[in-house]
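Shown here: my_file_25.txt, compact mmCIF, C-alpha atoms.
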```txt
# COMPACT_ATOMS: atom_id res chain seq x y z
CA ASP A 1 -24.34 75.70 59.68
CA GLY A 2 -21.05 77.49 60.37
CA GLY A 3 -22.76 80.89 59.97
CA ILE A 4 -24.94 80.01 57.00
CA THR A 5 -28.68 79.74 57.46
CA GLN A 6 -31.07 78.40 54.86
CA SER A 7 -34.81 78.57 55.30
CA PRO A 8 -37.20 76.98 55.19
CA LYS A 9 -35.96 73.43 55.54
CA TYR A 10 -38.98 72.10 53.62
CA LEU A 11 -41.03 74.00 51.04
CA PHE A 12 -44.02 73.00 48.96
CA ARG A 13 -44.91 74.74 45.74
CA LYS A 14 -48.12 74.61 43.78
CA GLU A 15 -48.11 74.56 40.01
CA GLY A 16 -47.63 78.06 38.58
CA GLN A 17 -46.43 79.54 41.86
CA ASN A 18 -43.19 81.40 42.53
CA VAL A 19 -41.37 80.59 45.75
CA THR A 20 -38.32 82.15 47.38
CA LEU A 21 -35.61 80.31 49.29
CA SER A 22 -33.61 82.24 51.84
CA CYS A 23 -29.84 82.12 52.40
CA GLU A 24 -28.22 84.31 55.05
CA GLN A 25 -24.59 84.35 56.23
CA ASN A 26 -22.76 86.11 59.04
CA LEU A 27 -19.20 85.19 58.08
CA ASN A 28 -18.64 88.25 55.89
CA HIS A 29 -17.72 86.08 52.88
CA ASP A 30 -17.88 87.79 49.49
CA ALA A 31 -18.98 84.88 47.29
CA MET A 32 -22.34 83.14 47.57
CA TYR A 33 -23.69 80.29 45.47
CA TRP A 34 -26.88 78.36 44.83
CA TYR A 35 -26.75 74.71 43.84
CA ARG A 36 -29.35 72.16 42.98
CA GLN A 37 -28.89 68.51 43.97
CA ASP A 38 -30.84 65.67 42.38
CA PRO A 39 -30.49 62.01 43.36
CA GLY A 40 -27.43 60.34 41.83
CA GLN A 41 -26.10 63.57 40.37
CA GLY A 42 -23.43 66.01 41.42
CA LEU A 43 -24.36 69.48 42.57
CA ARG A 44 -25.22 71.80 39.70
CA LEU A 45 -24.64 75.54 39.85
CA ILE A 46 -27.70 77.75 39.44
CA TYR A 47 -26.36 81.25 40.19
CA TYR A 48 -23.43 82.79 42.00
CA SER A 49 -22.46 86.21 43.24
CA GLN A 50 -19.01 87.50 44.09
CA ILE A 51 -19.95 91.01 45.17
CA VAL A 52 -23.04 92.91 46.21
CA ASN A 53 -25.37 93.95 43.38
CA ASP A 54 -23.72 91.55 40.94
CA PHE A 55 -24.44 87.93 40.09
CA GLN A 56 -23.76 85.45 37.31
CA LYS A 57 -25.73 82.61 35.78
CA GLY A 58 -24.52 79.11 36.39
CA ASP A 59 -25.13 75.99 34.34
CA ILE A 60 -28.86 75.68 35.03
CA ALA A 61 -30.15 79.23 35.61
CA GLU A 62 -33.31 78.95 33.49
CA GLY A 63 -36.45 79.28 35.62
CA TYR A 64 -34.58 80.80 38.57
CA SER A 65 -33.77 84.33 39.69
CA VAL A 66 -31.61 85.83 42.44
CA SER A 67 -30.71 89.14 44.02
CA ARG A 68 -27.74 90.33 46.08
CA GLU A 69 -28.78 93.59 47.66
CA LYS A 70 -26.87 92.90 50.87
CA LYS A 71 -23.60 91.07 51.40
CA GLU A 72 -25.15 88.70 53.91
CA SER A 73 -28.19 87.67 51.86
CA PHE A 74 -28.63 85.83 48.56
CA PRO A 75 -32.26 84.73 48.07
CA LEU A 76 -33.23 82.36 45.26
CA THR A 77 -36.64 82.55 43.58
CA VAL A 78 -37.91 79.47 41.81
CA THR A 79 -40.30 80.77 39.20
CA SER A 80 -43.19 79.08 37.45
CA ALA A 81 -40.95 78.82 34.38
CA GLN A 82 -38.91 76.12 36.13
CA LYS A 83 -40.69 73.00 34.95
CA ASN A 84 -39.03 70.48 37.26
CA PRO A 85 -38.28 72.29 40.51
CA THR A 86 -38.51 69.36 42.91
CA ALA A 87 -34.97 69.03 44.30
CA PHE A 88 -32.68 69.73 47.23
CA TYR A 89 -31.29 73.28 47.09
CA LEU A 90 -28.01 74.20 48.72
CA CYS A 91 -26.52 77.61 49.39
CA ALA A 92 -22.77 77.98 49.81
CA ILE A 93 -20.30 80.71 50.62
CA SER A 94 -16.58 81.16 50.07
CA GLN A 95 -13.95 83.80 50.40
CA PRO A 96 -11.93 83.79 47.16
CA GLY A 97 -8.24 84.46 47.52
CA LEU A 98 -8.09 83.41 51.17
CA ASN A 99 -9.46 80.01 52.11
CA THR A 100 -10.96 78.81 48.88
CA GLU A 101 -13.16 76.05 50.30
CA ALA A 102 -16.91 76.54 50.23
CA PHE A 103 -19.14 76.15 53.27
CA PHE A 104 -22.71 74.98 52.89
CA GLY A 105 -26.01 75.58 54.53
CA GLN A 106 -28.26 72.72 55.56
CA GLY A 107 -30.39 72.89 52.44
CA THR A 108 -34.01 73.40 51.46
CA ARG A 109 -36.04 70.54 50.05
CA LEU A 110 -38.56 71.88 47.55
CA THR A 111 -41.47 69.73 46.44
CA VAL A 112 -44.11 70.52 43.84
CA VAL A 113 -47.61 69.52 44.94
CA GLU B 1 -14.03 71.70 30.41
CA ASP B 2 -13.31 70.91 34.05
CA GLN B 3 -14.60 67.46 35.06
CA VAL B 4 -14.69 65.23 38.12
CA THR B 5 -15.52 61.55 38.36
CA GLN B 6 -15.67 59.42 41.48
CA SER B 7 -15.46 55.69 42.00
CA PRO B 8 -16.92 53.50 43.18
CA GLU B 9 -20.47 54.84 43.06
CA ALA B 10 -21.28 52.92 46.23
CA LEU B 11 -19.14 50.97 48.71
CA ARG B 12 -20.13 48.66 51.53
CA LEU B 13 -17.54 47.86 54.17
CA GLN B 14 -17.54 45.88 57.37
CA GLU B 15 -16.56 47.83 60.45
CA GLY B 16 -12.75 47.89 60.61
CA GLU B 17 -12.30 47.08 56.92
CA SER B 18 -10.06 49.78 55.42
CA SER B 19 -10.52 51.00 51.84
CA SER B 20 -10.05 53.96 49.49
CA LEU B 21 -12.33 56.20 47.46
CA ASN B 22 -11.10 57.59 44.16
CA CYS B 23 -11.59 61.00 42.58
CA SER B 24 -10.28 61.59 39.05
CA TYR B 25 -10.27 65.06 37.58
CA THR B 26 -9.33 67.20 34.62
CA VAL B 27 -8.96 70.92 35.12
CA SER B 28 -7.18 73.84 33.54
CA GLY B 29 -5.54 75.49 36.50
CA LEU B 30 -6.33 73.72 39.76
CA ARG B 31 -6.79 76.16 42.61
CA GLY B 32 -7.85 73.51 45.10
CA LEU B 33 -9.39 70.07 45.54
CA PHE B 34 -11.83 69.51 48.38
CA TRP B 35 -13.43 66.56 50.07
CA TYR B 36 -16.81 66.84 51.76
CA ARG B 37 -18.99 64.47 53.70
CA GLN B 38 -22.75 64.63 53.18
CA ASP B 39 -25.36 62.93 55.33
CA PRO B 40 -28.87 62.36 53.92
CA GLY B 41 -30.98 65.52 53.89
CA LYS B 42 -28.11 67.73 55.04
CA GLY B 43 -25.61 70.10 53.46
CA PRO B 44 -22.07 68.92 52.69
CA GLU B 45 -19.62 69.17 55.57
CA PHE B 46 -16.11 70.30 54.69
CA LEU B 47 -13.32 67.78 55.38
CA PHE B 48 -10.10 68.65 53.53
CA THR B 49 -8.45 71.02 51.09
CA LEU B 50 -5.53 69.89 48.92
CA TYR B 51 -3.65 72.35 46.75
CA SER B 52 -0.72 70.58 45.12
CA ALA B 53 0.40 67.12 44.02
CA GLY B 54 2.01 65.16 46.82
CA GLU B 55 0.03 66.88 49.53
CA GLU B 56 -1.68 64.79 52.23
CA LYS B 57 -4.16 65.69 54.95
CA GLU B 58 -5.44 63.55 57.83
CA LYS B 59 -8.37 63.73 60.20
CA GLU B 60 -9.21 60.87 62.53
CA ARG B 61 -9.76 57.78 60.32
CA LEU B 62 -9.60 59.73 57.05
CA LYS B 63 -6.58 60.60 54.94
CA ALA B 64 -6.72 62.50 51.65
CA THR B 65 -3.95 62.46 49.05
CA LEU B 66 -3.49 64.29 45.76
CA THR B 67 -1.70 63.63 42.47
CA LYS B 68 -1.87 65.61 39.24
CA LYS B 69 -4.81 63.57 37.98
CA GLU B 70 -6.56 62.10 41.00
CA SER B 71 -7.19 62.19 44.69
CA PHE B 72 -7.81 59.37 47.13
CA LEU B 73 -9.72 59.38 50.37
CA HIS B 74 -8.37 56.54 52.49
CA ILE B 75 -10.57 55.28 55.31
CA THR B 76 -8.75 53.30 57.99
CA ALA B 77 -10.71 50.97 60.28
CA PRO B 78 -14.05 52.64 59.53
CA LYS B 79 -16.94 52.76 61.97
CA PRO B 80 -20.69 52.79 61.21
CA GLU B 81 -20.78 56.54 61.88
CA ASP B 82 -18.51 57.03 58.87
CA SER B 83 -21.43 56.02 56.64
CA ALA B 84 -22.22 58.96 54.35
CA THR B 85 -21.76 60.20 50.81
CA TYR B 86 -18.29 61.59 50.17
CA LEU B 87 -18.01 64.35 47.59
CA CYS B 88 -14.91 65.39 45.70
CA VAL B 89 -14.86 68.97 44.40
CA ILE B 90 -12.34 70.79 42.26
CA TYR B 91 -11.89 74.53 42.12
CA GLY B 92 -10.62 75.90 38.83
CA GLN B 93 -12.72 78.61 37.23
CA ASN B 94 -15.54 77.56 39.55
CA PHE B 95 -16.39 74.70 41.85
CA VAL B 96 -17.11 71.44 40.00
CA PHE B 97 -18.64 68.63 42.00
CA GLY B 98 -18.25 64.90 41.53
CA PRO B 99 -21.36 62.71 41.89
CA GLY B 100 -20.11 61.27 45.17
CA THR B 101 -19.38 57.84 46.62
CA ARG B 102 -22.03 56.43 48.91
CA LEU B 103 -20.26 54.63 51.78
CA SER B 104 -22.02 52.20 54.09
CA VAL B 105 -20.12 50.74 57.06
CA LEU B 106 -21.83 47.74 58.60
CA PRO B 107 -21.36 46.84 62.28
```
Have the structure of the file written as structure tokens, please.
Amino acid sequence: DGGITQSPKYLFRKEGQNVTLSCEQNLNHDAMYWYRQDPGQGLRLIYYSQIVNDFQKGDIAEGYSVSREKKESFPLTVTSAQKNPTAFYLCAISQPGLNTEAFFGQGTRLTVV
Amino acid sequence: EDQVTQSPEALRLQEGESSSLNCSYTVSGLRGLFWYRQDPGKGPEFLFTLYSAGEEKEKERLKATLTKKESFLHITAPKPEDSATYLCVIYGQNFVFGPGTRLSVLP
């Protein structure tokens, strides 16, 4: 929404499988973020990136990996090391120093089957 | 450590019954406080940014205010379509999200 596209909307993962969630933006914002949302809890930061080819771990990075090879793309891989991956995943973008608010995609719901 | 709490956790209002949602925060160097609306199964939708104590922003039936320790989201004469979870977010070193207030407006 607002130039941010997350896909797929729903994703099912088998035990021991890696899956990748896509986040693409066309607003030319520098910063991109991945959050995890669980029922009754605030959003928790997984990884963020402020420039291409650089990213930082957030509060709950274990079991996840990211890349930022292009400014418009910030894919998140949920690895088999993530023991409780079932959650709603949200990608966000912001432009630090200008308008500081973050804009979100519509989310991906990941379920382990 | 930057922290955000929101109250109440859930709120049920009759249509037309005005009320306020609270967001209390602690932060070292506030660069912005944001309110978002989130509908079930969707990403948060941006509502307001507040930067300094005393600032107010309005949009339709919603009005956000900011002090040095808290922010309020006032809802005047709400309608059923205002039902959603409202998230308060502070921006210091990074974005820190509150758990949200789940608002239900009954017709």
Go through range 15-106 of chain B and flag each residue having an atom no more than 12 Å from range 48-72 of chain A; for those, report the closest pair of atoms plus their distance in Å to one decimal, using all atoms listed in the file, ordered by chain and rising number, as CSV.
```
residue,atom,partner,partner_atom,distance
B:Gln93,CA,A:Gly58,CA,11.8
B:Asn94,CA,A:Gly58,CA,9.6
B:Phe95,CA,A:Tyr48,CA,10.7
B:Val96,CA,A:Asp59,CA,10.8
```
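Interatomic distance, CA of Ile90 in chain B against CA of Trp34 in chain A: 16.6 Å.
The coordinates place CA of Ser71 in chain B at 28.6 Å from CA of Ala87 in chain A.
Here is the contact set of chain A against chain B, at 7 Å and counting all atoms listed in the file: Gly40, Gln41, Gly42, Leu43, Leu90, Glu101, Phe103, Phe104, Gly105, Gln106 and Gly107 of chain A.
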Selection above as a file: C-alpha atoms, as a PDB file, in the frame of the given file:
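Writing the result to selection.pdb gives the following:
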```pdb
ATOM      1  CA  GLY A  40     -27.430  60.340  41.830  1.00  0.00           C
ATOM      2  CA  GLN A  41     -26.100  63.570  40.370  1.00  0.00           C
ATOM      3  CA  GLY A  42     -23.430  66.010  41.420  1.00  0.00           C
ATOM      4  CA  LEU A  43     -24.360  69.480  42.570  1.00  0.00           C
ATOM      5  CA  LEU A  90     -28.010  74.200  48.720  1.00  0.00           C
ATOM      6  CA  GLU A 101     -13.160  76.050  50.300  1.00  0.00           C
ATOM      7  CA  PHE A 103     -19.140  76.150  53.270  1.00  0.00           C
ATOM      8  CA  PHE A 104     -22.710  74.980  52.890  1.00  0.00           C
ATOM      9  CA  GLY A 105     -26.010  75.580  54.530  1.00  0.00           C
ATOM     10  CA  GLN A 106     -28.260  72.720  55.560  1.00  0.00           C
ATOM     11  CA  GLY A 107     -30.390  72.890  52.440  1.00  0.00           C
TER      12      GLY A 107
END
```
Report, in Å with one decimal, the straight-line distance from CA of Ser7 in chain B to CA of Arg37 in chain B.
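Result for CA of Ser7 in chain B versus CA of Arg37 in chain B: 15.0 Å, one decimal.
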Nearest to Lys68 in chain B, restricted to all atoms listed in the file and choosing among B:Ser19, B:Glu56, B:Ser104, B:Val27, comes out as B:Val27
